[in-house]
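In what follows, a single structure is set out as structure tokens and then discussed.
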Amino acid sequence: MSTRRVAVVGAGMTRFVRRALETPKELAWQAARMALDSCGLTLADVDAVCIGSAPEAFDGVHMKGEYLADGSGAWGKPVMRSYVGGGTGVFLGAHGWYHVASGLFDVVLVVAEEKMSSYVPHPQAAFLTIFDHTTERPLGPNLLWIFALEMNRYMHTYGISKRDIAQVAVKNKRNAADHPAALLGDASITVDDVLNSEVLAWPVQRLDVSPVSDGAVAVVMASERAAQRITDRPVWVQGVGWNLDTAYWTNRDLAYPEYVERAARMAYDMAGVREPRKEIHIVEPYDPFDYKECHHLEGLLLADRGKAPELVAHGVTLRHGSMPSCPSGGLLGVGNPIAAAGLMKIAEVFWQLRGEAGARQVPGRPERGLAQAWGDLMQVGTVVILGTQKPA
Amino acid sequence: MSTQAAIVGVGWAGFRPVTPEASYKELMYEAAEAAYADAGFDPRTDVDSFVTVAEDFHEGTSIFDEYVPDQLGAAGRPVHTITGDGLHGLAAAVMQILTGRFRIVVVEGHSKASNILTLPEITAYAMDPVLNRPLGAHPLALAGLEASRYLHETGTSRAHCAAVAAKNRRNALRHPSAAYGADVSAEQVLAAETVASPLGRLEISEPADGAIVMVLAAAEAARTLSAHPIWVRGVGWATDSPTLESRQWARALYAERAAAMAYRMAGIAAPADAIQFAEVDDTYAYKELQHLEALGLCQAAQAGPMTADGATQPGGRLPVNVSGGSLGGGHLLEAAGLARALEVVLQLRGQAGARQLHHITTGLAQSWRGVPTASGAVAVLSASPDGRTT
């Protein structure tokens, strides 16, 4: 049985900000409205809604998907919220894809919303509740600590320096200076700025990390028939993949994200991509920390193990390089409202492939791009491959 | 298209008011092991995708999918959460199979409600934080308000609701896994203390612990794996307004929309003729009546009288909640809808023991996400791909 083709036909996003005055419903509404307007649709054209949002602990709202439903345009419609922690935003691309590819729906509105600022004084404390209630929570861990462990392991295994990795933060924050929705764009930031920033949990320093943010992103996905009615420039979903590893993260070698590789292979297989380094033209890997972009480029098989920092040093992943990485500015520059940040990566690939990325546009008419996210206890990988060519 | 996914394995653990001897992981493992044995395969090699349903605040853990893969045999595989009812998870699995890229998909739902010390307070966190929560209403007060409106608009009586509660708790006596079976009469239900007017103590389901795992397969694999695949002919889900101020209070609009979608997919034009028995949400006794009307299984405002006439008893024209439902079996939180579907599967397979119905080929399962939502899902299951006698 051949799989029904699915396209992305519209996208919208709010500004990513430190503390939004809007309620979560209002943020979702703004992004959904922009996405529909971008392709000339109204809610009457939408058959189903997919919602993504990360822990309810941020908002303190139980059953957050139900709460967000009307703001996301789902009143009276089929609506489902999918959830894989930090991987949620890119997983939404797969969630929307299978809604349409199943044949049950022609037009699906996909909305990701995150409001972290409701959690005071700082949402980092909410992350305590992601740890194992028996073996880990009593130790009082937070995410910065475990990612510091992972960053250390990555640097140690391959002999990578902090300076090598800091270049990723510089690249992304500079890229974000061209993004009208960005929170932390900075055209003049330097590697020394990163290396001199406050130490949070060695080797992680403040400018190695993406900021806490509020925001929402939405995309519209459509069947082939509907897409061709809506736009003459649909961007096709060529591949999707996701993979969840064991909860026992302490048993993993943190130097390499196997789960990202497995998710990537699932997506490459579906997309018919045999040589990803030649066939992926732009990439939006998940970059909540600068070392994570390197980690993920390796897991995506776009760089040799331990060699991803050389790509940025040699200019390969700059916006004008041969494989631009995070041309949006990524989480490090645009911001990290968790689920929304992941879907922002899909929106960015959509805009880049359509040539609509404005000052952020990469040269050379890219034909295929990849968005990837990661989450849970250094445990889940989610991948979506978009392209201008209709899948076979 | 509507006959391409089938249920080929089911397993469950529980259902009991408390399970101090088992963690949620152990409950899930027990259910998964039984489902995989039922389907006759190895989850580590034969499953293409796993779907789990959970809500963080019920689990007491943020990002609950972290703790799912190990006990399901799913580590290193495609796994994701749907923060919905088990029937939403079932629908997600069906969609994955219908894409043609997934051959076998596993769905898991569970409840460790006995770990939740403050369930009403947790439920209250689902209310709009700006507009509703400051009012401090107990979740059951909302259910009471809705029940009042439903009774008022339809002329349904409290005695009709009591008949539902008595029927379901008695039905549960014939279900070895049901947690709250009781030989109570409608009179006893009416005489019980009022909790949130008009709801009495025995018209409110109590939570239970348990886990349910189902294995779904694409048509070809289903026929290979199972001598009695149960075909998912239709799935549907919908929400009315999540905002209390702007929804239908007497009608379960979400169930009407979800059913319309499922019937359309199943090719069912006259549901009252096609559906031979139903397992519907009965979190509160009046909800069973409201849902039967929304599902088109009886005329508007007729579910109460029909119940009083015995039509929804196991020997009646349309047996409803033969399993005992949530009132008799215990409410399984996110797994509640899977419990409804589980009973439909067991009945269609002829494995329902003392409560087995006869001459049935098609049944319906329906769920509601509970107060304060207006959201739910429906599945239409048959013993044959087209619902005719095999």
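Letters A, B, ... go to the chains of the structure tokens in the order shown; residues in each chain start at 1; ligands are counted from 1 in the same order.
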Taking a cut-off of 8 Å and counting only C-alpha atoms, can you build a table that, for each residue of chain B near chain A, reports the nearest atom pair and how far apart they are in Å (one decimal), sorted by chain then residue number, as JSON lines?
```
{"residue": "B:Glu55", "atom": "CA", "partner": "A:Met63", "partner_atom": "CA", "distance": 6.5}
{"residue": "B:Asp56", "atom": "CA", "partner": "A:Glu56", "partner_atom": "CA", "distance": 6.9}
{"residue": "B:Phe57", "atom": "CA", "partner": "A:His62", "partner_atom": "CA", "distance": 6.1}
{"residue": "B:Gly60", "atom": "CA", "partner": "A:Thr129", "partner_atom": "CA", "distance": 7.5}
{"residue": "B:Thr61", "atom": "CA", "partner": "A:Thr129", "partner_atom": "CA", "distance": 5.4}
{"residue": "B:Ser62", "atom": "CA", "partner": "A:Ile130", "partner_atom": "CA", "distance": 4.6}
{"residue": "B:Ile63", "atom": "CA", "partner": "A:Gly85", "partner_atom": "CA", "distance": 5.2}
{"residue": "B:Phe64", "atom": "CA", "partner": "A:Ile130", "partner_atom": "CA", "distance": 7.5}
{"residue": "B:Asp65", "atom": "CA", "partner": "A:Val84", "partner_atom": "CA", "distance": 6.3}
{"residue": "B:Glu66", "atom": "CA", "partner": "A:Ala247", "partner_atom": "CA", "distance": 5.4}
{"residue": "B:Tyr67", "atom": "CA", "partner": "A:Ala247", "partner_atom": "CA", "distance": 5.6}
{"residue": "B:Val68", "atom": "CA", "partner": "A:Ala247", "partner_atom": "CA", "distance": 7.8}
{"residue": "B:Pro69", "atom": "CA", "partner": "A:Thr246", "partner_atom": "CA", "distance": 6.1}
{"residue": "B:Asp70", "atom": "CA", "partner": "A:Thr246", "partner_atom": "CA", "distance": 5.7}
{"residue": "B:Ala74", "atom": "CA", "partner": "A:Leu244", "partner_atom": "CA", "distance": 7.8}
{"residue": "B:Ala75", "atom": "CA", "partner": "A:Asp245", "partner_atom": "CA", "distance": 4.7}
{"residue": "B:Gly76", "atom": "CA", "partner": "A:Asp245", "partner_atom": "CA", "distance": 4.2}
{"residue": "B:Arg77", "atom": "CA", "partner": "A:Asn243", "partner_atom": "CA", "distance": 5.0}
{"residue": "B:Pro78", "atom": "CA", "partner": "A:Asn243", "partner_atom": "CA", "distance": 4.2}
{"residue": "B:Val79", "atom": "CA", "partner": "A:Leu244", "partner_atom": "CA", "distance": 5.7}
{"residue": "B:His80", "atom": "CA", "partner": "A:Val84", "partner_atom": "CA", "distance": 5.8}
{"residue": "B:Thr81", "atom": "CA", "partner": "A:Tyr83", "partner_atom": "CA", "distance": 5.1}
{"residue": "B:Ile82", "atom": "CA", "partner": "A:Ser82", "partner_atom": "CA", "distance": 4.5}
{"residue": "B:Thr83", "atom": "CA", "partner": "A:Arg81", "partner_atom": "CA", "distance": 5.6}
{"residue": "B:Gly84", "atom": "CA", "partner": "A:Met80", "partner_atom": "CA", "distance": 7.0}
{"residue": "B:His88", "atom": "CA", "partner": "A:Met80", "partner_atom": "CA", "distance": 7.3}
{"residue": "B:Met95", "atom": "CA", "partner": "A:Ser102", "partner_atom": "CA", "distance": 5.0}
{"residue": "B:Gln96", "atom": "CA", "partner": "A:Tyr98", "partner_atom": "CA", "distance": 5.8}
{"residue": "B:Ile97", "atom": "CA", "partner": "A:Ser102", "partner_atom": "CA", "distance": 7.5}
{"residue": "B:Leu98", "atom": "CA", "partner": "A:Ser102", "partner_atom": "CA", "distance": 4.6}
{"residue": "B:Thr99", "atom": "CA", "partner": "A:Ser102", "partner_atom": "CA", "distance": 4.4}
{"residue": "B:Gly100", "atom": "CA", "partner": "A:Thr3", "partner_atom": "CA", "distance": 5.8}
{"residue": "B:Arg101", "atom": "CA", "partner": "A:Thr3", "partner_atom": "CA", "distance": 7.2}
{"residue": "B:Ile122", "atom": "CA", "partner": "A:His62", "partner_atom": "CA", "distance": 7.1}
{"residue": "B:Thr123", "atom": "CA", "partner": "A:His62", "partner_atom": "CA", "distance": 7.0}
{"residue": "B:Ala124", "atom": "CA", "partner": "A:His62", "partner_atom": "CA", "distance": 8.0}
{"residue": "B:Tyr125", "atom": "CA", "partner": "A:His62", "partner_atom": "CA", "distance": 5.1}
{"residue": "B:Ala126", "atom": "CA", "partner": "A:His62", "partner_atom": "CA", "distance": 4.2}
{"residue": "B:Met127", "atom": "CA", "partner": "A:Val61", "partner_atom": "CA", "distance": 7.4}
{"residue": "B:Asp128", "atom": "CA", "partner": "A:Tyr67", "partner_atom": "CA", "distance": 7.0}
{"residue": "B:Pro129", "atom": "CA", "partner": "A:Val61", "partner_atom": "CA", "distance": 7.1}
{"residue": "B:Gly236", "atom": "CA", "partner": "A:Pro78", "partner_atom": "CA", "distance": 7.4}
{"residue": "B:Trp237", "atom": "CA", "partner": "A:Pro78", "partner_atom": "CA", "distance": 5.1}
{"residue": "B:Ala238", "atom": "CA", "partner": "A:Pro78", "partner_atom": "CA", "distance": 3.9}
{"residue": "B:Thr239", "atom": "CA", "partner": "A:Gly76", "partner_atom": "CA", "distance": 5.2}
{"residue": "B:Asp240", "atom": "CA", "partner": "A:Gly76", "partner_atom": "CA", "distance": 4.7}
{"residue": "B:Ser241", "atom": "CA", "partner": "A:Trp75", "partner_atom": "CA", "distance": 5.2}
{"residue": "B:Pro242", "atom": "CA", "partner": "A:Tyr67", "partner_atom": "CA", "distance": 6.0}
{"residue": "B:Thr243", "atom": "CA", "partner": "A:Asp70", "partner_atom": "CA", "distance": 7.8}
{"residue": "B:Leu253", "atom": "CA", "partner": "A:Gly76", "partner_atom": "CA", "distance": 7.9}
{"residue": "B:Tyr254", "atom": "CA", "partner": "A:Gly76", "partner_atom": "CA", "distance": 7.0}
{"residue": "B:Arg257", "atom": "CA", "partner": "A:Gly76", "partner_atom": "CA", "distance": 7.4}
{"residue": "B:Ala258", "atom": "CA", "partner": "A:Pro78", "partner_atom": "CA", "distance": 7.5}
{"residue": "B:Thr373", "atom": "CA", "partner": "A:Glu66", "partner_atom": "CA", "distance": 6.7}
{"residue": "B:Ser375", "atom": "CA", "partner": "A:Glu66", "partner_atom": "CA", "distance": 7.6}
```
For Leu289 (chain B), find every residue with an atom within 12 Å (counting only C-alpha atoms), except residues of its own chain fewer than 4 positions away, and show them as a ChimeraX atom specification. /B:147,150-151,154-165,250-252,255,278-285,293-308,312,320-321
Could you save the residues just selected, with C-alpha atoms, as a JSON list (two decimals), in the first residue's frame?
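again.json was written with the following content:
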```json
[["chain", "number", "residue", "atom", "x", "y", "z"],
["B", 147, "ALA", "CA", -26.35, 16.57, 35.79],
["B", 150, "TYR", "CA", -29.26, 17.30, 31.70],
["B", 151, "LEU", "CA", -32.10, 16.14, 33.96],
["B", 154, "THR", "CA", -34.50, 15.96, 29.05],
["B", 155, "GLY", "CA", -36.99, 15.22, 31.80],
["B", 156, "THR", "CA", -34.80, 12.37, 32.95],
["B", 157, "SER", "CA", -35.38, 11.50, 36.60],
["B", 158, "ARG", "CA", -33.01, 10.69, 39.40],
["B", 159, "ALA", "CA", -34.58, 7.23, 39.47],
["B", 160, "HIS", "CA", -33.37, 6.68, 35.91],
["B", 161, "CYS", "CA", -29.83, 7.56, 37.00],
["B", 162, "ALA", "CA", -30.14, 5.27, 39.99],
["B", 163, "ALA", "CA", -31.15, 2.42, 37.68],
["B", 164, "VAL", "CA", -27.88, 2.91, 35.79],
["B", 165, "ALA", "CA", -25.81, 2.79, 38.96],
["B", 250, "ALA", "CA", -27.18, 19.15, 28.60],
["B", 251, "ARG", "CA", -25.88, 17.53, 25.42],
["B", 252, "ALA", "CA", -22.62, 15.63, 25.08],
["B", 255, "ALA", "CA", -19.71, 12.35, 21.87],
["B", 278, "ALA", "CA", -22.12, -0.65, 24.00],
["B", 279, "GLU", "CA", -19.55, 0.15, 26.65],
["B", 280, "VAL", "CA", -19.95, 3.86, 27.32],
["B", 281, "ASP", "CA", -18.48, 6.27, 29.81],
["B", 282, "ASP", "CA", -20.34, 6.17, 33.14],
["B", 283, "THR", "CA", -18.00, 8.22, 35.33],
["B", 284, "TYR", "CA", -21.28, 9.44, 36.84],
["B", 285, "ALA", "CA", -24.52, 7.55, 36.34],
["B", 293, "GLU", "CA", -28.38, 9.76, 23.45],
["B", 294, "ALA", "CA", -25.33, 11.50, 21.98],
["B", 295, "LEU", "CA", -24.21, 8.26, 20.34],
["B", 296, "GLY", "CA", -27.54, 7.97, 18.54],
["B", 297, "LEU", "CA", -28.28, 4.63, 20.22],
["B", 298, "CYS", "CA", -31.68, 5.91, 21.38],
["B", 299, "GLN", "CA", -33.94, 8.89, 20.80],
["B", 300, "ALA", "CA", -33.22, 12.16, 22.58],
["B", 301, "ALA", "CA", -34.35, 12.11, 26.21],
["B", 302, "GLN", "CA", -35.18, 8.39, 25.96],
["B", 303, "ALA", "CA", -32.10, 6.83, 27.56],
["B", 304, "GLY", "CA", -33.59, 7.10, 31.05],
["B", 305, "PRO", "CA", -36.91, 5.44, 30.27],
["B", 306, "MET", "CA", -35.11, 2.82, 28.16],
["B", 307, "THR", "CA", -32.90, 1.99, 31.12],
["B", 308, "ALA", "CA", -35.88, 1.82, 33.48],
["B", 312, "THR", "CA", -29.79, -1.83, 28.65],
["B", 320, "VAL", "CA", -24.79, -1.30, 28.02],
["B", 321, "ASN", "CA", -21.74, -1.66, 30.26]]
```
I'd like the contact shell of Ala354 (chain B) - 12 Å cut-off, only C-alpha atoms, skipping same-chain residues fewer than 4 positions apart - returned as a list in words.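 Everything that qualifies: Asn171, Ala172, Leu173, Arg174, His175, Pro176, Pro314, Val322, Ser323, Leu346, Gln347, Gly350 and His358 of chain B.
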Output as a ChimeraX atom specification all residues of region 134-270 of chain A that backbone DSSP marks as strand (DSSP E). /A:199-201,204-205,214-223,235-244
Just to be explicit: take each residue in the selection above, keep N, CA, C and O atoms, and write the result as an mmCIF file, in the first residue's frame.
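File produced: out-v5.cif:
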```cif
data_model
loop_
_atom_site.group_PDB
_atom_site.id
_atom_site.type_symbol
_atom_site.label_atom_id
_atom_site.label_comp_id
_atom_site.auth_asym_id
_atom_site.auth_seq_id
_atom_site.Cartn_x
_atom_site.Cartn_y
_atom_site.Cartn_z
ATOM 1 N N VAL A 199 29.311 30.946 35.017
ATOM 2 C CA VAL A 199 29.277 29.483 35.056
ATOM 3 C C VAL A 199 28.020 29.043 35.796
ATOM 4 O O VAL A 199 27.751 29.498 36.913
ATOM 5 N N LEU A 200 27.266 28.151 35.146
ATOM 6 C CA LEU A 200 26.045 27.644 35.782
ATOM 7 C C LEU A 200 26.298 26.285 36.422
ATOM 8 O O LEU A 200 25.933 26.037 37.568
ATOM 9 N N ALA A 201 26.874 25.367 35.653
ATOM 10 C CA ALA A 201 27.244 24.046 36.167
ATOM 11 C C ALA A 201 28.339 23.571 35.215
ATOM 12 O O ALA A 201 28.048 23.185 34.099
ATOM 13 N N VAL A 204 29.004 24.045 31.683
ATOM 14 C CA VAL A 204 27.940 24.850 31.078
ATOM 15 C C VAL A 204 27.960 26.269 31.643
ATOM 16 O O VAL A 204 27.896 26.459 32.862
ATOM 17 N N GLN A 205 28.065 27.245 30.739
ATOM 18 C CA GLN A 205 27.993 28.655 31.131
ATOM 19 C C GLN A 205 26.730 29.280 30.562
ATOM 20 O O GLN A 205 26.067 28.696 29.695
ATOM 21 N N ASP A 214 8.585 32.129 26.454
ATOM 22 C CA ASP A 214 7.171 31.896 26.166
ATOM 23 C C ASP A 214 6.963 32.094 24.660
ATOM 24 O O ASP A 214 7.559 33.002 24.071
ATOM 25 N N GLY A 215 6.080 31.282 24.078
ATOM 26 C CA GLY A 215 5.796 31.492 22.661
ATOM 27 C C GLY A 215 4.974 30.370 22.079
ATOM 28 O O GLY A 215 4.695 29.373 22.762
ATOM 29 N N ALA A 216 4.562 30.547 20.845
ATOM 30 C CA ALA A 216 3.769 29.526 20.162
ATOM 31 C C ALA A 216 4.084 29.548 18.677
ATOM 32 O O ALA A 216 4.457 30.583 18.118
ATOM 33 N N VAL A 217 3.953 28.363 18.057
ATOM 34 C CA VAL A 217 4.193 28.188 16.626
ATOM 35 C C VAL A 217 3.085 27.298 16.092
ATOM 36 O O VAL A 217 2.612 26.400 16.799
ATOM 37 N N ALA A 218 2.667 27.525 14.865
ATOM 38 C CA ALA A 218 1.671 26.641 14.257
ATOM 39 C C ALA A 218 2.025 26.405 12.798
ATOM 40 O O ALA A 218 2.602 27.279 12.144
ATOM 41 N N VAL A 219 1.710 25.225 12.299
ATOM 42 C CA VAL A 219 1.832 24.944 10.871
ATOM 43 C C VAL A 219 0.545 24.276 10.399
ATOM 44 O O VAL A 219 -0.200 23.695 11.195
ATOM 45 N N VAL A 220 0.295 24.384 9.106
ATOM 46 C CA VAL A 220 -0.863 23.728 8.504
ATOM 47 C C VAL A 220 -0.349 22.609 7.607
ATOM 48 O O VAL A 220 0.544 22.835 6.782
ATOM 49 N N MET A 221 -0.880 21.402 7.802
ATOM 50 C CA MET A 221 -0.477 20.251 7.000
ATOM 51 C C MET A 221 -1.679 19.776 6.197
ATOM 52 O O MET A 221 -2.820 19.832 6.675
ATOM 53 N N ALA A 222 -1.427 19.325 4.973
ATOM 54 C CA ALA A 222 -2.543 18.996 4.082
ATOM 55 C C ALA A 222 -2.227 17.799 3.212
ATOM 56 O O ALA A 222 -1.070 17.507 2.916
ATOM 57 N N SER A 223 -3.273 17.122 2.792
ATOM 58 C CA SER A 223 -3.138 16.021 1.844
ATOM 59 C C SER A 223 -2.727 16.604 0.488
ATOM 60 O O SER A 223 -2.847 17.808 0.244
ATOM 61 N N VAL A 235 5.369 22.275 0.582
ATOM 62 C CA VAL A 235 6.632 21.660 1.013
ATOM 63 C C VAL A 235 6.271 20.285 1.568
ATOM 64 O O VAL A 235 5.466 20.179 2.495
ATOM 65 N N TRP A 236 6.836 19.243 0.976
ATOM 66 C CA TRP A 236 6.381 17.889 1.253
ATOM 67 C C TRP A 236 7.082 17.269 2.457
ATOM 68 O O TRP A 236 8.270 17.471 2.665
ATOM 69 N N VAL A 237 6.322 16.508 3.208
ATOM 70 C CA VAL A 237 6.924 15.698 4.266
ATOM 71 C C VAL A 237 7.506 14.462 3.588
ATOM 72 O O VAL A 237 6.770 13.632 3.064
ATOM 73 N N GLN A 238 8.830 14.362 3.602
ATOM 74 C CA GLN A 238 9.470 13.225 2.936
ATOM 75 C C GLN A 238 9.787 12.092 3.899
ATOM 76 O O GLN A 238 9.838 10.933 3.490
ATOM 77 N N GLY A 239 10.005 12.453 5.165
ATOM 78 C CA GLY A 239 10.322 11.396 6.128
ATOM 79 C C GLY A 239 10.050 11.852 7.550
ATOM 80 O O GLY A 239 10.169 13.039 7.859
ATOM 81 N N VAL A 240 9.655 10.913 8.400
ATOM 82 C CA VAL A 240 9.498 11.192 9.828
ATOM 83 C C VAL A 240 10.125 10.041 10.606
ATOM 84 O O VAL A 240 10.127 8.894 10.144
ATOM 85 N N GLY A 241 10.650 10.340 11.785
ATOM 86 C CA GLY A 241 11.209 9.288 12.616
ATOM 87 C C GLY A 241 11.206 9.709 14.065
ATOM 88 O O GLY A 241 11.335 10.904 14.362
ATOM 89 N N TRP A 242 11.020 8.748 14.947
ATOM 90 C CA TRP A 242 11.125 9.048 16.376
ATOM 91 C C TRP A 242 11.571 7.799 17.106
ATOM 92 O O TRP A 242 11.341 6.682 16.627
ATOM 93 N N ASN A 243 12.246 7.988 18.240
ATOM 94 C CA ASN A 243 12.816 6.858 18.948
ATOM 95 C C ASN A 243 13.036 7.221 20.407
ATOM 96 O O ASN A 243 13.574 8.284 20.716
ATOM 97 N N LEU A 244 12.613 6.322 21.289
ATOM 98 C CA LEU A 244 12.700 6.572 22.730
ATOM 99 C C LEU A 244 13.552 5.493 23.383
ATOM 100 O O LEU A 244 13.242 4.306 23.285
#
```
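Take CA of Ala311 (chain B) and CA of Ile360 (chain B): the distance between them is 15.7 Å.
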Pick out the residues sitting within 9 Å of Tyr24 (chain B), and hand them over as a ChimeraX atom specification; count only C-alpha atoms, and ignore anything fewer than 5 positions along from it in its own chain. /B:29,110-112,209-211
Expressed in Å, the length from CA of Lys25 (chain B) to CA of Ala113 (chain B) is 13.4 Å
Residue contacts of Leu36 (chain A) (9 Å, only C-alpha atoms) excluding same-chain residues fewer than 4 positions away, as an mmCIF file with all heavy atoms, in the first residue's frame:
```cif
data_model
loop_
_atom_site.group_PDB
_atom_site.id
_atom_site.type_symbol
_atom_site.label_atom_id
_atom_site.label_comp_id
_atom_site.auth_asym_id
_atom_site.auth_seq_id
_atom_site.Cartn_x
_atom_site.Cartn_y
_atom_site.Cartn_z
ATOM 1 N N GLY A 10 1.438 26.028 5.336
ATOM 2 C CA GLY A 10 1.413 27.337 5.993
ATOM 3 C C GLY A 10 2.085 27.261 7.345
ATOM 4 O O GLY A 10 2.191 26.179 7.928
ATOM 5 N N ALA A 11 2.556 28.409 7.843
ATOM 6 C CA ALA A 11 3.217 28.435 9.145
ATOM 7 C C ALA A 11 3.115 29.828 9.754
ATOM 8 O O ALA A 11 3.016 30.824 9.028
ATOM 9 C CB ALA A 11 4.687 28.033 9.013
ATOM 10 N N GLY A 12 3.121 29.860 11.072
ATOM 11 C CA GLY A 12 3.123 31.148 11.772
ATOM 12 C C GLY A 12 3.745 30.988 13.140
ATOM 13 O O GLY A 12 3.756 29.894 13.701
ATOM 14 N N ALA A 31 -0.581 32.147 17.098
ATOM 15 C CA ALA A 31 0.198 31.360 16.135
ATOM 16 C C ALA A 31 -0.729 30.652 15.151
ATOM 17 O O ALA A 31 -0.458 30.615 13.938
ATOM 18 C CB ALA A 31 1.065 30.348 16.882
ATOM 19 N N ALA A 32 -1.831 30.098 15.655
ATOM 20 C CA ALA A 32 -2.760 29.379 14.781
ATOM 21 C C ALA A 32 -3.337 30.330 13.744
ATOM 22 O O ALA A 32 -3.447 30.006 12.556
ATOM 23 C CB ALA A 32 -3.876 28.746 15.617
ATOM 24 N N GLY A 40 -4.241 31.353 3.595
ATOM 25 C CA GLY A 40 -5.573 31.757 3.163
ATOM 26 C C GLY A 40 -6.690 30.828 3.603
ATOM 27 O O GLY A 40 -7.701 30.708 2.917
ATOM 28 N N LEU A 41 -6.506 30.162 4.735
ATOM 29 C CA LEU A 41 -7.551 29.261 5.228
ATOM 30 C C LEU A 41 -8.233 29.872 6.450
ATOM 31 O O LEU A 41 -7.720 30.801 7.068
ATOM 32 C CB LEU A 41 -6.958 27.903 5.610
ATOM 33 C CG LEU A 41 -6.312 27.080 4.497
ATOM 34 C CD1 LEU A 41 -5.862 25.732 5.053
ATOM 35 C CD2 LEU A 41 -7.241 26.874 3.314
ATOM 36 N N THR A 42 -9.386 29.323 6.789
ATOM 37 C CA THR A 42 -10.050 29.664 8.036
ATOM 38 C C THR A 42 -10.283 28.373 8.807
ATOM 39 O O THR A 42 -10.062 27.279 8.287
ATOM 40 C CB THR A 42 -11.407 30.342 7.804
ATOM 41 O OG1 THR A 42 -12.313 29.356 7.276
ATOM 42 C CG2 THR A 42 -11.285 31.508 6.834
ATOM 43 N N LEU A 43 -10.767 28.512 10.040
ATOM 44 C CA LEU A 43 -11.016 27.316 10.850
ATOM 45 C C LEU A 43 -12.003 26.374 10.190
ATOM 46 O O LEU A 43 -11.960 25.171 10.407
ATOM 47 C CB LEU A 43 -11.540 27.728 12.236
ATOM 48 C CG LEU A 43 -10.484 28.089 13.273
ATOM 49 C CD1 LEU A 43 -11.162 28.397 14.597
ATOM 50 C CD2 LEU A 43 -9.490 26.937 13.443
ATOM 51 N N LEU A 109 -4.436 21.379 11.471
ATOM 52 C CA LEU A 109 -3.740 22.512 12.082
ATOM 53 C C LEU A 109 -2.906 21.978 13.247
ATOM 54 O O LEU A 109 -3.431 21.307 14.136
ATOM 55 C CB LEU A 109 -4.779 23.533 12.574
ATOM 56 C CG LEU A 109 -4.276 24.776 13.307
ATOM 57 C CD1 LEU A 109 -3.351 25.608 12.416
ATOM 58 C CD2 LEU A 109 -5.463 25.619 13.774
ATOM 59 N N ALA A 218 2.667 27.525 14.865
ATOM 60 C CA ALA A 218 1.671 26.641 14.257
ATOM 61 C C ALA A 218 2.025 26.405 12.798
ATOM 62 O O ALA A 218 2.602 27.279 12.144
ATOM 63 C CB ALA A 218 0.276 27.250 14.361
ATOM 64 N N VAL A 219 1.710 25.225 12.299
ATOM 65 C CA VAL A 219 1.832 24.944 10.871
ATOM 66 C C VAL A 219 0.545 24.276 10.399
ATOM 67 O O VAL A 219 -0.200 23.695 11.195
ATOM 68 C CB VAL A 219 3.052 24.042 10.522
ATOM 69 C CG1 VAL A 219 4.343 24.667 11.001
ATOM 70 C CG2 VAL A 219 2.894 22.638 11.073
ATOM 71 N N VAL A 220 0.295 24.384 9.106
ATOM 72 C CA VAL A 220 -0.863 23.728 8.504
ATOM 73 C C VAL A 220 -0.349 22.609 7.607
ATOM 74 O O VAL A 220 0.544 22.835 6.782
ATOM 75 C CB VAL A 220 -1.703 24.723 7.666
ATOM 76 C CG1 VAL A 220 -2.904 24.013 7.042
ATOM 77 C CG2 VAL A 220 -2.145 25.895 8.536
#
```
